[in-house]
$ cat start30.cif   # mmCIF, C-alpha atoms and all ligand atoms
data_input
loop_
_atom_site.label_atom_id
_atom_site.label_comp_id
_atom_site.auth_asym_id
_atom_site.auth_seq_id
_atom_site.Cartn_x
_atom_site.Cartn_y
_atom_site.Cartn_z
CA MET A 878 8.88 6.46 3.38
CA LEU A 879 8.12 2.89 4.33
CA ILE A 880 6.59 0.91 1.44
CA THR A 881 5.08 -2.56 1.65
CA GLY A 882 4.80 -4.45 -1.60
CA ALA A 883 7.90 -2.63 -2.81
CA SER A 884 9.39 -5.52 -4.78
CA SER A 885 7.40 -4.88 -7.97
CA GLY A 886 4.64 -2.92 -9.69
CA ILE A 887 3.11 0.08 -7.94
CA GLY A 888 5.30 -0.19 -4.83
CA ALA A 889 8.57 -0.32 -6.78
CA ALA A 890 7.51 2.53 -9.10
CA THR A 891 6.56 4.64 -6.09
CA ALA A 892 9.91 3.86 -4.45
CA ARG A 893 11.72 5.15 -7.57
CA GLN A 894 9.68 8.36 -7.77
CA ALA A 895 9.95 8.93 -4.01
CA ALA A 896 13.73 8.47 -4.17
CA GLU A 897 13.80 11.02 -6.97
CA ALA A 898 11.82 13.40 -4.72
CA GLY A 899 14.42 12.99 -1.97
CA TYR A 900 12.79 10.42 0.31
CA ARG A 901 14.86 7.80 2.06
CA LEU A 902 13.14 4.47 1.78
CA VAL A 903 12.39 1.30 3.65
CA LEU A 904 11.36 -1.33 1.11
CA ALA A 905 9.37 -4.33 2.31
CA ALA A 906 8.09 -7.49 0.62
CA ARG A 907 8.84 -11.21 0.67
CA SER A 908 11.19 -11.33 -2.38
CA GLU A 909 14.50 -10.43 -0.82
CA GLU A 910 16.57 -10.41 -4.00
CA ARG A 911 14.33 -8.04 -5.88
CA LEU A 912 14.17 -5.73 -2.87
CA ALA A 913 17.92 -5.79 -2.42
CA SER A 914 18.59 -4.87 -6.04
CA LEU A 915 16.03 -2.04 -5.88
CA ALA A 916 17.63 -0.73 -2.67
CA GLU A 917 21.00 -0.81 -4.39
CA GLU A 918 19.59 0.99 -7.46
CA LEU A 919 18.16 3.72 -5.20
CA GLY A 920 21.49 4.48 -3.56
CA GLY A 921 22.29 1.74 -1.06
CA PRO A 922 21.92 1.69 2.73
CA GLU A 923 22.19 5.46 3.21
CA ARG A 924 19.14 5.99 0.98
CA ALA A 925 17.17 2.73 0.89
CA VAL A 926 17.03 -0.39 3.01
CA ALA A 927 15.40 -3.66 2.06
CA VAL A 928 13.52 -5.61 4.72
CA ARG A 929 12.04 -9.02 4.10
CA CYS A 930 8.53 -8.94 5.54
CA ASP A 931 5.39 -10.98 5.10
CA VAL A 932 2.74 -8.42 6.02
CA SER A 933 0.31 -11.12 7.09
CA GLU A 934 2.58 -11.90 10.07
CA TRP A 935 2.28 -9.38 12.91
CA GLU A 936 5.75 -10.04 14.36
CA GLN A 937 7.34 -9.41 10.97
CA VAL A 938 5.49 -6.12 10.53
CA GLU A 939 6.45 -5.06 14.04
CA ARG A 940 10.09 -5.83 13.19
CA LEU A 941 9.76 -3.90 9.92
CA ALA A 942 8.69 -0.75 11.78
CA ALA A 943 11.55 -1.17 14.23
CA ARG A 944 14.05 -1.63 11.38
CA ALA A 945 12.76 1.54 9.70
CA LEU A 946 13.26 3.56 12.88
CA ASP A 947 16.69 1.99 13.43
CA ALA A 948 17.75 2.88 9.92
CA PHE A 949 16.46 6.45 9.65
CA GLY A 950 15.12 7.46 13.08
CA ASP A 951 11.82 8.65 11.69
CA ILE A 952 8.93 7.64 9.44
CA ASP A 953 7.16 10.35 7.42
CA VAL A 954 5.04 8.19 5.15
CA VAL A 955 3.68 4.66 5.51
CA PHE A 956 2.59 3.30 2.13
CA ALA A 957 0.61 0.13 2.93
CA ASN A 958 0.45 -1.27 -0.57
CA ALA A 959 1.12 -5.04 -0.48
CA GLY A 960 -1.69 -7.13 -1.87
CA PHE A 961 -2.76 -9.73 -4.39
CA GLY A 962 -5.85 -10.99 -6.15
CA ALA A 963 -7.96 -14.07 -6.73
CA THR A 964 -9.90 -15.54 -9.60
CA ARG A 965 -13.51 -14.39 -9.41
CA GLY A 966 -16.14 -16.89 -8.29
CA PHE A 967 -17.12 -18.34 -4.94
CA LEU A 968 -16.19 -21.80 -6.25
CA GLU A 969 -12.78 -20.70 -7.56
CA GLU A 970 -9.36 -20.69 -5.87
CA SER A 971 -9.35 -22.44 -2.47
CA PRO A 972 -10.27 -21.56 1.11
CA GLU A 973 -6.53 -21.38 1.86
CA GLN A 974 -5.95 -18.90 -0.99
CA TRP A 975 -8.80 -16.71 0.34
CA ARG A 976 -7.36 -16.88 3.83
CA SER A 977 -3.93 -15.86 2.64
CA MET A 978 -5.36 -13.02 0.49
CA LEU A 979 -7.53 -11.67 3.30
CA LEU A 980 -4.65 -11.84 5.76
CA THR A 981 -2.39 -9.96 3.36
CA ASN A 982 -4.80 -7.44 1.87
CA VAL A 983 -6.82 -6.63 4.98
CA LEU A 984 -4.84 -7.54 8.08
CA GLY A 985 -1.55 -6.64 6.39
CA VAL A 986 -2.76 -3.04 6.06
CA ALA A 987 -4.09 -2.92 9.62
CA TYR A 988 -0.83 -4.41 10.93
CA ALA A 989 1.20 -1.76 9.09
CA VAL A 990 -0.96 0.91 10.69
CA ARG A 991 -0.75 -0.67 14.13
CA ALA A 992 3.03 -1.07 13.98
CA THR A 993 3.73 2.53 12.94
CA LEU A 994 0.88 4.53 14.52
CA PRO A 995 2.58 4.91 17.93
CA HIS A 996 5.56 6.56 16.23
CA LEU A 997 3.42 8.87 14.08
CA LEU A 998 1.32 9.85 17.11
CA GLU A 999 4.45 10.55 19.11
CA ARG A 1000 5.90 12.83 16.44
CA GLY A 1001 2.42 14.30 15.86
CA SER A 1002 2.49 14.15 12.06
CA GLY A 1003 2.91 11.81 9.14
CA HIS A 1004 0.97 10.26 6.31
CA PHE A 1005 -0.67 6.88 5.78
CA VAL A 1006 -1.17 6.02 2.12
CA ILE A 1007 -3.15 2.83 1.58
CA THR A 1008 -3.70 0.96 -1.68
CA SER A 1009 -7.31 -0.07 -2.03
CA SER A 1010 -8.91 -0.42 -5.47
CA VAL A 1011 -11.80 0.46 -7.73
CA ALA A 1012 -12.90 -2.94 -6.44
CA GLY A 1013 -12.98 -1.37 -2.98
CA ARG A 1014 -15.52 1.19 -4.18
CA ARG A 1015 -17.84 -1.05 -6.19
CA VAL A 1016 -18.67 -4.70 -5.76
CA LEU A 1017 -17.41 -7.04 -8.48
CA PRO A 1018 -19.27 -10.29 -9.19
CA GLY A 1019 -17.93 -13.29 -7.29
CA SER A 1020 -14.93 -11.32 -6.09
CA MET A 1021 -13.41 -12.07 -2.71
CA TYR A 1022 -10.71 -9.63 -3.81
CA SER A 1023 -13.39 -6.95 -3.99
CA VAL A 1024 -14.55 -8.00 -0.50
CA SER A 1025 -10.99 -7.57 0.76
CA LYS A 1026 -10.60 -4.14 -0.83
CA TRP A 1027 -13.89 -2.87 0.65
CA ALA A 1028 -12.33 -3.71 4.00
CA VAL A 1029 -9.19 -1.81 3.00
CA THR A 1030 -11.24 1.27 2.05
CA ALA A 1031 -13.00 1.03 5.42
CA THR A 1032 -9.65 0.74 7.18
CA GLY A 1033 -8.46 4.03 5.70
CA GLU A 1034 -11.63 5.86 6.65
CA ALA A 1035 -11.81 4.28 10.13
CA LEU A 1036 -8.20 5.34 10.73
CA ARG A 1037 -8.84 8.89 9.55
CA GLN A 1038 -11.87 9.21 11.82
CA GLU A 1039 -9.99 7.74 14.78
CA LEU A 1040 -7.25 10.33 14.34
CA ARG A 1041 -9.66 13.25 14.12
CA LEU A 1042 -12.42 12.15 16.52
CA MET A 1043 -10.73 9.93 19.11
CA ARG A 1044 -7.17 11.22 19.19
CA GLU A 1045 -7.80 14.88 18.35
CA ASN A 1046 -4.98 14.67 15.83
CA THR A 1047 -5.28 16.95 12.82
CA SER A 1048 -1.80 16.47 11.37
CA ILE A 1049 -1.57 12.80 10.43
CA ARG A 1050 -3.07 12.43 6.97
CA VAL A 1051 -4.70 9.39 5.38
CA THR A 1052 -4.95 8.78 1.64
CA LEU A 1053 -6.67 5.85 -0.04
CA ILE A 1054 -5.38 5.06 -3.52
CA GLU A 1055 -8.03 3.29 -5.60
CA PRO A 1056 -6.58 2.15 -8.92
CA GLY A 1057 -8.39 0.68 -11.86
CA ILE A 1058 -6.50 -1.78 -14.03
CA VAL A 1059 -2.73 -1.28 -13.81
CA ASP A 1060 -0.27 -3.19 -15.98
CA THR A 1061 1.77 -4.96 -13.27
CA PRO A 1062 2.67 -8.54 -12.27
CA PHE A 1063 -0.56 -8.47 -10.21
CA PHE A 1064 -2.06 -10.18 -13.27
CA ASP A 1065 -0.92 -13.62 -14.44
CA GLU A 1066 -1.86 -12.41 -17.90
CA ARG A 1067 -0.88 -8.79 -17.94
CA PRO A 1068 -3.24 -6.39 -19.72
CA GLY A 1069 -0.34 -4.62 -21.48
CA PRO A 1070 0.66 -0.96 -21.34
CA ASP A 1071 -1.85 0.13 -24.01
CA ASN A 1072 -4.87 -1.24 -22.18
CA ALA A 1073 -4.17 -0.19 -18.61
CA LEU A 1074 -2.59 2.35 -16.31
CA HIS A 1075 1.16 2.10 -15.77
CA ASP A 1076 2.70 1.63 -12.33
CA ASP A 1077 4.19 5.12 -12.71
CA ASP A 1078 0.71 6.63 -13.07
CA ILE A 1079 -0.19 5.40 -9.59
CA ALA A 1080 3.20 6.41 -8.19
CA ARG A 1081 2.51 9.97 -9.38
CA ALA A 1082 -0.80 9.93 -7.51
CA VAL A 1083 0.99 8.85 -4.32
CA LEU A 1084 3.61 11.57 -4.70
CA TYR A 1085 0.85 14.12 -5.37
CA ALA A 1086 -0.93 13.21 -2.12
CA VAL A 1087 2.18 13.31 0.05
CA SER A 1088 3.49 16.56 -1.43
CA GLN A 1089 0.42 18.65 -0.61
CA PRO A 1090 0.71 21.41 2.02
CA ALA A 1091 0.13 20.20 5.60
CA HIS A 1092 -3.47 21.48 5.74
CA VAL A 1093 -4.51 19.46 2.65
CA ASP A 1094 -5.58 15.90 3.37
CA VAL A 1095 -6.24 14.09 0.07
CA ASN A 1096 -8.50 11.32 1.34
CA GLU A 1097 -9.18 9.27 -1.78
CA ILE A 1098 -7.78 9.03 -5.28
CA LEU A 1099 -9.87 6.88 -7.62
CA ILE A 1100 -7.96 6.53 -10.85
CA ARG A 1101 -8.96 4.48 -13.91
CA PRO A 1102 -7.35 4.08 -17.30
CA SER A 1103 -9.36 6.14 -19.77
CA GLN A 1104 -10.68 2.98 -21.47
CA GLN A 1105 -12.06 1.43 -18.29
CA ALA A 1106 -15.83 1.74 -17.91
CA GLY A 1107 -16.68 -0.19 -14.74
O1 LIG B 1 1.02 -5.82 -8.08
P1 LIG B 1 2.42 -6.57 -7.90
P2 LIG B 1 0.61 -4.28 -7.95
N1 LIG B 1 3.71 -9.69 2.38
O2 LIG B 1 2.08 -8.00 -7.92
C1 LIG B 1 3.77 -7.80 -2.37
C2 LIG B 1 -3.40 -3.14 -5.75
N2 LIG B 1 -4.11 -2.97 -7.01
O3 LIG B 1 1.76 -3.39 -7.88
O4 LIG B 1 6.02 -10.36 -1.31
C3 LIG B 1 4.47 -8.72 1.83
O5 LIG B 1 3.41 -6.03 -8.87
C4 LIG B 1 4.54 -8.39 -3.53
O6 LIG B 1 5.85 -8.76 -3.18
P3 LIG B 1 6.35 -10.24 -2.77
C5 LIG B 1 -3.10 -4.54 -5.34
O7 LIG B 1 -4.23 -5.18 -4.77
C6 LIG B 1 -3.57 -3.38 -8.18
O8 LIG B 1 -0.39 -4.05 -9.01
O9 LIG B 1 7.82 -10.13 -3.01
N3 LIG B 1 4.36 -8.33 0.57
C7 LIG B 1 4.64 -7.18 -4.44
O10 LIG B 1 5.73 -6.35 -4.05
C8 LIG B 1 -2.01 -4.32 -4.32
O11 LIG B 1 -2.56 -3.99 -3.07
C9 LIG B 1 -4.28 -3.23 -9.35
O12 LIG B 1 5.62 -11.20 -3.64
C10 LIG B 1 3.46 -8.95 -0.21
C11 LIG B 1 3.35 -6.44 -4.18
O13 LIG B 1 2.80 -6.95 -2.94
C12 LIG B 1 -1.29 -3.08 -4.86
O14 LIG B 1 -2.15 -2.51 -5.84
C13 LIG B 1 -5.54 -2.65 -9.33
C14 LIG B 1 2.65 -9.98 0.29
C15 LIG B 1 2.36 -6.65 -5.29
O15 LIG B 1 2.90 -6.12 -6.44
C16 LIG B 1 0.04 -3.37 -5.52
O16 LIG B 1 -0.14 -4.33 -6.56
C17 LIG B 1 -6.06 -2.26 -8.13
C18 LIG B 1 2.81 -10.34 1.63
N4 LIG B 1 2.08 -11.32 2.20
C19 LIG B 1 -5.35 -2.42 -6.97
N5 LIG B 1 1.86 -10.42 -0.72
C20 LIG B 1 -3.77 -3.64 -10.68
N6 LIG B 1 -2.49 -4.02 -10.80
O17 LIG B 1 -4.54 -3.62 -11.65
C21 LIG B 1 2.17 -9.67 -1.80
O18 LIG B 1 -7.27 -1.71 -8.11
N7 LIG B 1 3.13 -8.79 -1.50
#

$ encode --input "start30.cif" --output "structure tokens" --more "lines below"
Ligand code: NJP
Amino acid sequence: MLITGASSGIGAATARQAAEAGYRLVLAARSEERLASLAEELGGPERAVAVRCDVSEWEQVERLAARALDAFGDIDVVFANAGFGATRGFLEESPEQWRSMLLTNVLGVAYAVRATLPHLLERGSGHFVITSSVAGRRVLPGSMYSVSKWAVTATGEALRQELRLMRENTSIRVTLIEPGIVDTPFFDERPGPDNALHDDDIARAVLYAVSQPAHVDVNEILIRPSQQAG
């Protein structure tokens, strides 16, 4: 399982649960030290490799896919999960922050698909799991983050339709994960474990999707903490 955004939060929790389930892992993010210590925790190079990768840079994502194939010879699951947010408001943040967020959240997902799709098509099967958001299902006021996540939701569905309608592939599955508020370093001021989902709650949803029988394609999982209304 190749995971982007594996250095913390949802990606790291999913790496731990996937390791428990027997997956060998390729962990990608920009924070090399955190990735390296997670890879070590999960069993070292035989079980988990850490690859520094900025998903907004095509060459780095291409190299990531190559490293994954070098390490393990095969990719079963691509979890395109890296992403970050922005303060709401069209006069907040900066044009550069928006650019960086859109490159990471939107193009980063498309690059991960592009870099690994040839391999999955060649082997004929596999699973793309993509982290969108509740904000990718409903529009939030002043939210460029929500704009980015609508594009991510569209990417998952466009990919699924391409596989079925253009490539006549019925074995590669596509799952969009759409979390509500999760208590992770995504937030500068974290909501706290009592007011939000935990990273492990989302990891369980990922493991649920990838452990279904081959004929079951779980397309979307929208998952809110019980307290969350909108
Ligand atoms: O947040 P966090 P989450 N290239 O900050 C990485 C979505 N989501 O686990 O590069 C490569 O702990 C970053 O690593 P680093 C959210 O939009 C969340 O909550 O070392 N990697 C880290 O590993 C995102 O898509 C909530 O800084 C890059 C990871 O991304 C996903 O869940 C709600 C990168 C972020 O981990 C995981 O976020 C929701 C880059 N350019 C959706 N930029 C929520 N927490 O409430 C960042 O609906 N990363």

$ residues_around --input "start30.cif" --residues "Phe1005 of chain A" --least-positions-apart "5" --cutoff "10 Å" --atoms "all atoms listed in the file" --output "mmCIF file with C-alpha atoms, in the frame of the given file"
data_model
loop_
_atom_site.group_PDB
_atom_site.id
_atom_site.type_symbol
_atom_site.label_atom_id
_atom_site.label_comp_id
_atom_site.auth_asym_id
_atom_site.auth_seq_id
_atom_site.Cartn_x
_atom_site.Cartn_y
_atom_site.Cartn_z
ATOM 1 C CA MET A 878 8.880 6.460 3.380
ATOM 2 C CA LEU A 879 8.120 2.890 4.330
ATOM 3 C CA ASP A 953 7.160 10.350 7.420
ATOM 4 C CA VAL A 954 5.040 8.190 5.150
ATOM 5 C CA VAL A 955 3.680 4.660 5.510
ATOM 6 C CA PHE A 956 2.590 3.300 2.130
ATOM 7 C CA ALA A 957 0.610 0.130 2.930
ATOM 8 C CA ALA A 989 1.200 -1.760 9.090
ATOM 9 C CA VAL A 990 -0.960 0.910 10.690
ATOM 10 C CA THR A 993 3.730 2.530 12.940
ATOM 11 C CA LEU A 994 0.880 4.530 14.520
ATOM 12 C CA LEU A 997 3.420 8.870 14.080
ATOM 13 C CA GLY A 1033 -8.460 4.030 5.700
ATOM 14 C CA LEU A 1036 -8.200 5.340 10.730
ATOM 15 C CA ARG A 1037 -8.840 8.890 9.550
ATOM 16 C CA ILE A 1049 -1.570 12.800 10.430
ATOM 17 C CA ARG A 1050 -3.070 12.430 6.970
ATOM 18 C CA VAL A 1051 -4.700 9.390 5.380
ATOM 19 C CA THR A 1052 -4.950 8.780 1.640
ATOM 20 C CA LEU A 1053 -6.670 5.850 -0.040
ATOM 21 C CA VAL A 1087 2.180 13.310 0.050
#

$ closest_residue --input "start30.cif" --among "A:Ser1009, A:Ser914, A:Gln937, A:Ser971" --to "ligand LIG 1 (chain B)" --atoms "all atoms listed in the file"
A:Ser1009

$ closest_residue --input "start30.cif" --among "A:Arg976, A:Arg911, A:Arg1015, A:Lys1026" --to "Gly960 of chain A" --atoms "all atoms listed in the file"
A:Lys1026

$ residues_near_ligand --input "start30.cif" --ligand "ligand LIG 1 (chain B)" --cutoff "8 Å" --atoms "all atoms listed in the file" --output "PDB file with C-alpha atoms, keeping the file's coordinate frame"
ATOM      1  CA  THR A 881       5.080  -2.560   1.650  1.00  0.00           C
ATOM      2  CA  GLY A 882       4.800  -4.450  -1.600  1.00  0.00           C
ATOM      3  CA  ALA A 883       7.900  -2.630  -2.810  1.00  0.00           C
ATOM      4  CA  SER A 884       9.390  -5.520  -4.780  1.00  0.00           C
ATOM      5  CA  SER A 885       7.400  -4.880  -7.970  1.00  0.00           C
ATOM      6  CA  GLY A 886       4.640  -2.920  -9.690  1.00  0.00           C
ATOM      7  CA  ILE A 887       3.110   0.080  -7.940  1.00  0.00           C
ATOM      8  CA  GLY A 888       5.300  -0.190  -4.830  1.00  0.00           C
ATOM      9  CA  ALA A 889       8.570  -0.320  -6.780  1.00  0.00           C
ATOM     10  CA  ALA A 905       9.370  -4.330   2.310  1.00  0.00           C
ATOM     11  CA  ALA A 906       8.090  -7.490   0.620  1.00  0.00           C
ATOM     12  CA  ARG A 907       8.840 -11.210   0.670  1.00  0.00           C
ATOM     13  CA  SER A 908      11.190 -11.330  -2.380  1.00  0.00           C
ATOM     14  CA  GLU A 909      14.500 -10.430  -0.820  1.00  0.00           C
ATOM     15  CA  ARG A 911      14.330  -8.040  -5.880  1.00  0.00           C
ATOM     16  CA  LEU A 912      14.170  -5.730  -2.870  1.00  0.00           C
ATOM     17  CA  ARG A 929      12.040  -9.020   4.100  1.00  0.00           C
ATOM     18  CA  CYS A 930       8.530  -8.940   5.540  1.00  0.00           C
ATOM     19  CA  ASP A 931       5.390 -10.980   5.100  1.00  0.00           C
ATOM     20  CA  VAL A 932       2.740  -8.420   6.020  1.00  0.00           C
ATOM     21  CA  SER A 933       0.310 -11.120   7.090  1.00  0.00           C
ATOM     22  CA  GLU A 934       2.580 -11.900  10.070  1.00  0.00           C
ATOM     23  CA  ALA A 957       0.610   0.130   2.930  1.00  0.00           C
ATOM     24  CA  ASN A 958       0.450  -1.270  -0.570  1.00  0.00           C
ATOM     25  CA  ALA A 959       1.120  -5.040  -0.480  1.00  0.00           C
ATOM     26  CA  GLY A 960      -1.690  -7.130  -1.870  1.00  0.00           C
ATOM     27  CA  PHE A 961      -2.760  -9.730  -4.390  1.00  0.00           C
ATOM     28  CA  GLY A 962      -5.850 -10.990  -6.150  1.00  0.00           C
ATOM     29  CA  SER A 977      -3.930 -15.860   2.640  1.00  0.00           C
ATOM     30  CA  MET A 978      -5.360 -13.020   0.490  1.00  0.00           C
ATOM     31  CA  LEU A 980      -4.650 -11.840   5.760  1.00  0.00           C
ATOM     32  CA  THR A 981      -2.390  -9.960   3.360  1.00  0.00           C
ATOM     33  CA  ASN A 982      -4.800  -7.440   1.870  1.00  0.00           C
ATOM     34  CA  GLY A 985      -1.550  -6.640   6.390  1.00  0.00           C
ATOM     35  CA  THR A1008      -3.700   0.960  -1.680  1.00  0.00           C
ATOM     36  CA  SER A1009      -7.310  -0.070  -2.030  1.00  0.00           C
ATOM     37  CA  SER A1010      -8.910  -0.420  -5.470  1.00  0.00           C
ATOM     38  CA  VAL A1011     -11.800   0.460  -7.730  1.00  0.00           C
ATOM     39  CA  ALA A1012     -12.900  -2.940  -6.440  1.00  0.00           C
ATOM     40  CA  GLY A1013     -12.980  -1.370  -2.980  1.00  0.00           C
ATOM     41  CA  TYR A1022     -10.710  -9.630  -3.810  1.00  0.00           C
ATOM     42  CA  LYS A1026     -10.600  -4.140  -0.830  1.00  0.00           C
ATOM     43  CA  GLU A1055      -8.030   3.290  -5.600  1.00  0.00           C
ATOM     44  CA  PRO A1056      -6.580   2.150  -8.920  1.00  0.00           C
ATOM     45  CA  GLY A1057      -8.390   0.680 -11.860  1.00  0.00           C
ATOM     46  CA  ILE A1058      -6.500  -1.780 -14.030  1.00  0.00           C
ATOM     47  CA  VAL A1059      -2.730  -1.280 -13.810  1.00  0.00           C
ATOM     48  CA  ASP A1060      -0.270  -3.190 -15.980  1.00  0.00           C
ATOM     49  CA  THR A1061       1.770  -4.960 -13.270  1.00  0.00           C
ATOM     50  CA  PRO A1062       2.670  -8.540 -12.270  1.00  0.00           C
ATOM     51  CA  PHE A1063      -0.560  -8.470 -10.210  1.00  0.00           C
ATOM     52  CA  PHE A1064      -2.060 -10.180 -13.270  1.00  0.00           C
ATOM     53  CA  ALA A1073      -4.170  -0.190 -18.610  1.00  0.00           C
ATOM     54  CA  LEU A1074      -2.590   2.350 -16.310  1.00  0.00           C
ATOM     55  CA  ASP A1076       2.700   1.630 -12.330  1.00  0.00           C
TER      56      ASP A1076
END

$ closest_residue --input "start30.cif" --among "A:Val986, A:Ile1098, A:Met1043, A:Leu904" --to "Tyr1085 of chain A" --atoms "all atoms listed in the file"
A:Ile1098

$ atom_distance --input "start30.cif" --atom1 "atom CA of Ala963 of chain A" --atom2 "atom CA of Arg1014 of chain A"
17.2 Å

$ closest_residue --input "start30.cif" --among "A:Leu968, A:Ala895, A:Leu979, A:Leu998" --to "Arg1044 of chain A" --atoms "only C-alpha atoms"
A:Leu998

$ atom_distance --input "start30.cif" --atom1 "atom CA of Leu902 of chain A" --atom2 "atom CA of Gly1001 of chain A"
20.2 Å

$ closest_residue --input "start30.cif" --among "A:Glu897, A:Thr1030, A:Leu915, A:Arg1101" --to "Val983 of chain A" --atoms "all atoms listed in the file"
A:Thr1030

$ atom_distance --input "start30.cif" --atom1 "atom CA of Leu984 of chain A" --atom2 "atom CA of Ala1031 of chain A"
12.1 Å

$ closest_residue --input "start30.cif" --among "A:Gln974, A:Arg1081, A:Pro922, A:Asn1096" --to "Asp947 of chain A" --atoms "only C-alpha atoms"
A:Pro922

$ residues_around --input "start30.cif" --residues "Arg893 of chain A" --least-positions-apart "6" --cutoff "9 Å" --atoms "only C-alpha atoms" --output "PyMOL selection string"
chain A and resi 915+918-919+1080

$ residues_around --input "start30.cif" --residues "His996 of chain A" --least-positions-apart "4" --cutoff "9 Å" --atoms "all atoms listed in the file" --output "PyMOL selection string"
chain A and resi 946+951-952+992+1000-1001

$ write_last_selection --input "start30.cif" --atoms "C-alpha atoms" --output "CSV table (one decimal), in the frame of the given file"
chain,number,residue,atom,x,y,z
A,946,LEU,CA,13.3,3.6,12.9
A,951,ASP,CA,11.8,8.6,11.7
A,952,ILE,CA,8.9,7.6,9.4
A,992,ALA,CA,3.0,-1.1,14.0
A,1000,ARG,CA,5.9,12.8,16.4
A,1001,GLY,CA,2.4,14.3,15.9

$ axis_aligned_box --input "start30.cif" --around "segment 914-927 of chain A" --padding-each-side "4 Å" --output "JSON"
{"center_x": 18.8, "center_y": 0.6, "center_z": -2.1, "size_x": 14.9, "size_y": 18.9, "size_z": 18.7}
